[in-house]
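One file, upload.pdb, is given below (PDB, C-alpha atoms).
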```
ATOM      1  CA  MET A   1      34.179  73.297 111.460  1.00  0.00           C
ATOM      2  CA  THR A   2      33.186  69.725 112.089  1.00  0.00           C
ATOM      3  CA  GLN A   3      30.989  70.725 115.006  1.00  0.00           C
ATOM      4  CA  PHE A   4      29.074  73.131 112.692  1.00  0.00           C
ATOM      5  CA  ASN A   5      28.277  70.273 110.347  1.00  0.00           C
ATOM      6  CA  LYS A   6      27.115  67.994 113.158  1.00  0.00           C
ATOM      7  CA  ASN A   7      24.727  70.476 114.822  1.00  0.00           C
ATOM      8  CA  LYS A   8      21.212  69.718 113.554  1.00  0.00           C
ATOM      9  CA  TYR A   9      19.923  73.243 114.308  1.00  0.00           C
ATOM     10  CA  LEU A  10      22.574  75.006 112.252  1.00  0.00           C
ATOM     11  CA  LYS A  11      22.407  72.599 109.331  1.00  0.00           C
ATOM     12  CA  PRO A  12      19.720  74.567 107.359  1.00  0.00           C
ATOM     13  CA  PHE A  13      21.895  77.712 107.516  1.00  0.00           C
ATOM     14  CA  LYS A  14      24.488  76.052 105.289  1.00  0.00           C
ATOM     15  CA  ASN A  15      22.108  76.682 102.404  1.00  0.00           C
ATOM     16  CA  TRP A  16      22.642  80.263 101.137  1.00  0.00           C
ATOM     17  CA  PHE A  17      19.055  80.683  99.997  1.00  0.00           C
ATOM     18  CA  ILE A  18      17.657  79.935 103.439  1.00  0.00           C
ATOM     19  CA  LEU A  19      20.246  82.168 105.071  1.00  0.00           C
ATOM     20  CA  ILE A  20      19.387  85.078 102.766  1.00  0.00           C
ATOM     21  CA  LEU A  21      15.654  84.471 103.309  1.00  0.00           C
ATOM     22  CA  VAL A  22      16.039  84.554 107.098  1.00  0.00           C
ATOM     23  CA  VAL A  23      18.133  87.731 106.987  1.00  0.00           C
ATOM     24  CA  PHE A  24      15.585  89.356 104.650  1.00  0.00           C
ATOM     25  CA  ALA A  25      12.656  88.348 106.904  1.00  0.00           C
ATOM     26  CA  VAL A  26      14.374  89.692 110.022  1.00  0.00           C
ATOM     27  CA  TRP A  27      15.239  92.919 108.218  1.00  0.00           C
ATOM     28  CA  MET A  28      11.666  93.443 106.966  1.00  0.00           C
ATOM     29  CA  LEU A  29      10.079  92.629 110.343  1.00  0.00           C
ATOM     30  CA  PHE A  30      12.272  94.730 112.596  1.00  0.00           C
ATOM     31  CA  PHE A  31      14.679  97.120 110.863  1.00  0.00           C
ATOM     32  CA  ASP A  32      12.993  98.426 107.703  1.00  0.00           C
ATOM     33  CA  THR A  33      11.187 101.785 107.682  1.00  0.00           C
ATOM     34  CA  ASN A  34       7.971  99.889 106.875  1.00  0.00           C
ATOM     35  CA  SER A  35       8.570  97.217 109.507  1.00  0.00           C
ATOM     36  CA  TRP A  36       5.886  95.273 111.313  1.00  0.00           C
ATOM     37  CA  LEU A  37       6.693  97.038 114.576  1.00  0.00           C
ATOM     38  CA  ILE A  38       6.092 100.481 113.071  1.00  0.00           C
ATOM     39  CA  HIS A  39       2.868  99.312 111.417  1.00  0.00           C
ATOM     40  CA  HIS A  40       1.649  97.887 114.721  1.00  0.00           C
ATOM     41  CA  GLU A  41       2.419 101.157 116.527  1.00  0.00           C
ATOM     42  CA  LEU A  42       0.693 103.209 113.842  1.00  0.00           C
ATOM     43  CA  ASN A  43      -2.373 100.954 113.909  1.00  0.00           C
ATOM     44  CA  THR A  44      -2.718 101.405 117.676  1.00  0.00           C
ATOM     45  CA  ASP A  45      -2.401 105.179 117.217  1.00  0.00           C
ATOM     46  CA  ILE A  46      -5.103 105.112 114.529  1.00  0.00           C
ATOM     47  CA  GLU A  47      -7.405 103.105 116.804  1.00  0.00           C
ATOM     48  CA  ALA A  48      -6.881 105.544 119.679  1.00  0.00           C
ATOM     49  CA  LEU A  49      -7.597 108.512 117.399  1.00  0.00           C
ATOM     50  CA  GLN A  50     -10.765 106.866 116.077  1.00  0.00           C
ATOM     51  CA  ASN A  51     -11.979 106.298 119.644  1.00  0.00           C
ATOM     52  CA  GLU A  52     -11.237 109.933 120.426  1.00  0.00           C
ATOM     53  CA  LYS A  53     -13.113 110.995 117.287  1.00  0.00           C
ATOM     54  CA  GLU A  54     -16.189 109.003 118.357  1.00  0.00           C
ATOM     55  CA  TYR A  55     -16.016 110.565 121.828  1.00  0.00           C
ATOM     56  CA  TYR A  56     -15.966 114.077 120.368  1.00  0.00           C
ATOM     57  CA  LYS A  57     -18.839 113.248 118.012  1.00  0.00           C
ATOM     58  CA  ARG A  58     -20.931 112.188 121.013  1.00  0.00           C
ATOM     59  CA  GLU A  59     -19.938 115.371 122.843  1.00  0.00           C
ATOM     60  CA  ILE A  60     -20.945 117.487 119.825  1.00  0.00           C
ATOM     61  CA  ILE A  61     -24.353 115.805 119.734  1.00  0.00           C
ATOM     62  CA  LYS A  62     -24.795 116.408 123.467  1.00  0.00           C
ATOM     63  CA  ASP A  63     -23.744 120.058 123.134  1.00  0.00           C
ATOM     64  CA  ASN A  64     -26.091 120.591 120.185  1.00  0.00           C
ATOM     65  CA  LYS A  65     -28.964 119.327 122.335  1.00  0.00           C
ATOM     66  CA  ALA A  66     -27.962 121.742 125.110  1.00  0.00           C
ATOM     67  CA  ILE A  67     -27.780 124.632 122.615  1.00  0.00           C
ATOM     68  CA  LYS A  68     -31.210 123.703 121.302  1.00  0.00           C
ATOM     69  CA  LYS A  69     -32.615 123.815 124.841  1.00  0.00           C
ATOM     70  CA  LEU A  70     -30.989 127.185 125.511  1.00  0.00           C
ATOM     71  CA  SER A  71     -32.348 128.672 122.308  1.00  0.00           C
ATOM     72  CA  THR A  72     -35.860 128.812 123.791  1.00  0.00           C
ATOM     73  CA  GLU A  73     -36.918 131.395 126.337  1.00  0.00           C
ATOM     74  CA  GLU A  74     -38.027 128.775 128.868  1.00  0.00           C
ATOM     75  CA  GLY A  75     -34.805 126.803 128.547  1.00  0.00           C
ATOM     76  CA  LEU A  76     -32.665 129.902 128.983  1.00  0.00           C
ATOM     77  CA  GLU A  77     -34.661 130.971 132.053  1.00  0.00           C
ATOM     78  CA  LYS A  78     -34.380 127.491 133.578  1.00  0.00           C
ATOM     79  CA  PHE A  79     -30.617 127.450 132.986  1.00  0.00           C
ATOM     80  CA  ALA A  80     -30.169 130.902 134.551  1.00  0.00           C
ATOM     81  CA  ARG A  81     -32.210 129.915 137.606  1.00  0.00           C
ATOM     82  CA  GLU A  82     -30.476 126.560 138.165  1.00  0.00           C
ATOM     83  CA  GLU A  83     -26.884 127.488 137.412  1.00  0.00           C
ATOM     84  CA  TYR A  84     -26.636 131.131 138.472  1.00  0.00           C
ATOM     85  CA  TYR A  85     -29.517 131.353 140.979  1.00  0.00           C
ATOM     86  CA  MET A  86     -31.046 134.307 139.131  1.00  0.00           C
ATOM     87  CA  LYS A  87     -34.561 135.417 139.941  1.00  0.00           C
ATOM     88  CA  LYS A  88     -37.299 137.674 138.707  1.00  0.00           C
ATOM     89  CA  GLU A  89     -38.217 140.905 140.440  1.00  0.00           C
ATOM     90  CA  ASN A  90     -40.216 140.525 143.659  1.00  0.00           C
ATOM     91  CA  GLU A  91     -39.359 136.838 143.838  1.00  0.00           C
ATOM     92  CA  GLU A  92     -37.505 134.928 146.508  1.00  0.00           C
ATOM     93  CA  ILE A  93     -35.389 131.824 146.029  1.00  0.00           C
ATOM     94  CA  PHE A  94     -35.055 129.089 148.608  1.00  0.00           C
ATOM     95  CA  ILE A  95     -32.211 126.641 148.143  1.00  0.00           C
ATOM     96  CA  ILE A  96     -32.944 123.311 149.761  1.00  0.00           C
ATOM     97  CA  GLU A  97     -29.998 121.119 150.600  1.00  0.00           C
ATOM     98  CA  TYR A  98     -30.378 117.587 151.836  1.00  0.00           C
ATOM     99  CA  GLU A  99     -28.108 116.072 154.474  1.00  0.00           C
ATOM    100  CA  ASP A 100     -26.600 113.549 152.122  1.00  0.00           C
ATOM    101  CA  SER A 101     -25.640 116.295 149.632  1.00  0.00           C
ATOM    102  CA  LEU A 102     -23.825 118.461 152.203  1.00  0.00           C
ATOM    103  CA  LYS A 103     -20.062 118.278 152.543  1.00  0.00           C
ATOM    104  CA  VAL A 104     -19.263 117.346 156.118  1.00  0.00           C
ATOM    105  CA  LYS A 105     -15.826 117.808 157.652  1.00  0.00           C
ATOM    106  CA  LYS A 106     -14.772 114.988 159.905  1.00  0.00           C
ATOM    107  CA  ASP A 107     -12.342 115.977 162.659  1.00  0.00           C
ATOM    108  CA  ASP A 108     -11.488 112.421 163.713  1.00  0.00           C
TER     109      ASP A 108
END
```

What do you get writing this file as structure tokens?
Amino acid sequence: MTQFNKNKYLKPFKNWFILILVVFAVWMLFFDTNSWLIHHELNTDIEALQNEKEYYKREIIKDNKAIKKLSTEEGLEKFAREEYYMKKENEEIFIIEYEDSLKVKKDD
């Protein structure tokens, strides 16, 4: 027991109040149901969900613009021509592909 009294690092733990305070602080930081670790994890989850919410808000705005374009006759016709290569009667469609847009297989 004499070595315990001589060690300068263990000397504060002889006081019961400090010992109880340290045990309480460790318990509240790591082991309690409302611990700092759980709060930190929940805060990162909240931040990720808020970022996801902002992403979906931007997507909704973009989709609303696309719906607005498709609600007109000209916009719907343009979409049908570009995406599905539809045409009017007695009309021909020529699809022009540039060399840099073609997929080239390399047999090297």

* Asked: So how far away is CA of Trp16 in chain A from CA of Leu29 in chain A, in Å?
  ->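 If I compute the distance from CA of Leu29 in chain A to CA of Trp16 in chain A, I get 19.9 Å.
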
* State, in Å with one decimal place, the distance from CA of Trp36 in chain A to CA of Glu52 in chain A. =>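 CA of Glu52 in chain A lies at a distance of 24.3 Å from CA of Trp36 in chain A.
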
Around all of range 21-33 of chain A's listed atoms, make the axis-aligned box with 5 Å on each side and tell me centre and edge lengths in Å to one decimal, as AutoDock Vina command-line options.
```
--center_x 14.1 --center_y 93.1 --center_z 108.0 --size_x 18.1 --size_y 27.3 --size_z 19.3
```

* **Point-to-point distance from CA of Leu37 in chain A to CA of Ile18 in chain A, Å rounded to tenths** =>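 Straight-line distance from CA of Leu37 in chain A to CA of Ile18 in chain A works out to 23.2 Å.
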
* To do: Please tell me which residues are no farther than 12 Å from (-33.9, 120.5, 139.3) in the file, counting only C-alpha atoms, and write them as number ranges by chain.
  => A: 78-79, 81-83, 85, 95-97

Residues from last step as file, C-alpha atoms, as a short mmCIF file (atom, residue, chain, number, x, y, z; two decimals), in the frame of the given file:
```cif
data_model
loop_
_atom_site.label_atom_id
_atom_site.label_comp_id
_atom_site.auth_asym_id
_atom_site.auth_seq_id
_atom_site.Cartn_x
_atom_site.Cartn_y
_atom_site.Cartn_z
CA LYS A 78 -34.38 127.49 133.58
CA PHE A 79 -30.62 127.45 132.99
CA ARG A 81 -32.21 129.92 137.61
CA GLU A 82 -30.48 126.56 138.16
CA GLU A 83 -26.88 127.49 137.41
CA TYR A 85 -29.52 131.35 140.98
CA ILE A 95 -32.21 126.64 148.14
CA ILE A 96 -32.94 123.31 149.76
CA GLU A 97 -30.00 121.12 150.60
#
```

Save N, CA, C and O atoms of range 29-41 of chain A from the block above as a short mmCIF file (atom, residue, chain, number, x, y, z; two decimals), in the first residue's frame.
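As written to disk, out.cif reads:
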```
data_model
loop_
_atom_site.label_atom_id
_atom_site.label_comp_id
_atom_site.auth_asym_id
_atom_site.auth_seq_id
_atom_site.Cartn_x
_atom_site.Cartn_y
_atom_site.Cartn_z
N LEU A 29 -20.10 9.27 -20.70
CA LEU A 29 -19.53 9.43 -22.04
C LEU A 29 -19.62 8.17 -22.88
O LEU A 29 -19.79 8.24 -24.09
N PHE A 30 -19.50 7.00 -22.26
CA PHE A 30 -19.37 5.79 -23.06
C PHE A 30 -20.46 4.74 -22.86
O PHE A 30 -20.80 4.03 -23.79
N PHE A 31 -21.01 4.60 -21.66
CA PHE A 31 -21.88 3.46 -21.39
C PHE A 31 -23.37 3.78 -21.26
O PHE A 31 -24.19 2.90 -21.38
N ASP A 32 -23.72 5.02 -21.04
CA ASP A 32 -25.12 5.39 -20.84
C ASP A 32 -25.88 5.31 -22.17
O ASP A 32 -25.30 5.36 -23.25
N THR A 33 -27.20 5.18 -22.09
CA THR A 33 -28.01 5.13 -23.32
C THR A 33 -28.00 6.47 -24.05
O THR A 33 -28.28 6.52 -25.25
N ASN A 34 -27.70 7.54 -23.37
CA ASN A 34 -27.59 8.87 -23.98
C ASN A 34 -26.14 9.30 -24.06
O ASN A 34 -25.82 10.47 -23.90
N SER A 35 -25.24 8.37 -24.32
CA SER A 35 -23.81 8.66 -24.28
C SER A 35 -23.39 9.56 -25.45
O SER A 35 -24.10 9.72 -26.43
N TRP A 36 -22.19 10.09 -25.33
CA TRP A 36 -21.65 10.96 -26.36
C TRP A 36 -21.46 10.18 -27.65
O TRP A 36 -21.68 10.73 -28.74
N LEU A 37 -21.06 8.94 -27.57
CA LEU A 37 -20.85 8.14 -28.78
C LEU A 37 -22.14 7.96 -29.56
O LEU A 37 -22.15 8.07 -30.79
N ILE A 38 -23.22 7.69 -28.87
CA ILE A 38 -24.52 7.51 -29.55
C ILE A 38 -24.98 8.83 -30.15
O ILE A 38 -25.48 8.87 -31.27
N HIS A 39 -24.80 9.93 -29.41
CA HIS A 39 -25.18 11.24 -29.94
C HIS A 39 -24.38 11.58 -31.19
O HIS A 39 -24.92 12.11 -32.17
N HIS A 40 -23.09 11.27 -31.17
CA HIS A 40 -22.25 11.54 -32.33
C HIS A 40 -22.71 10.72 -33.54
O HIS A 40 -22.81 11.24 -34.65
N GLU A 41 -23.02 9.47 -33.32
CA GLU A 41 -23.50 8.60 -34.41
C GLU A 41 -24.84 9.10 -34.96
O GLU A 41 -25.04 9.15 -36.18
#
```
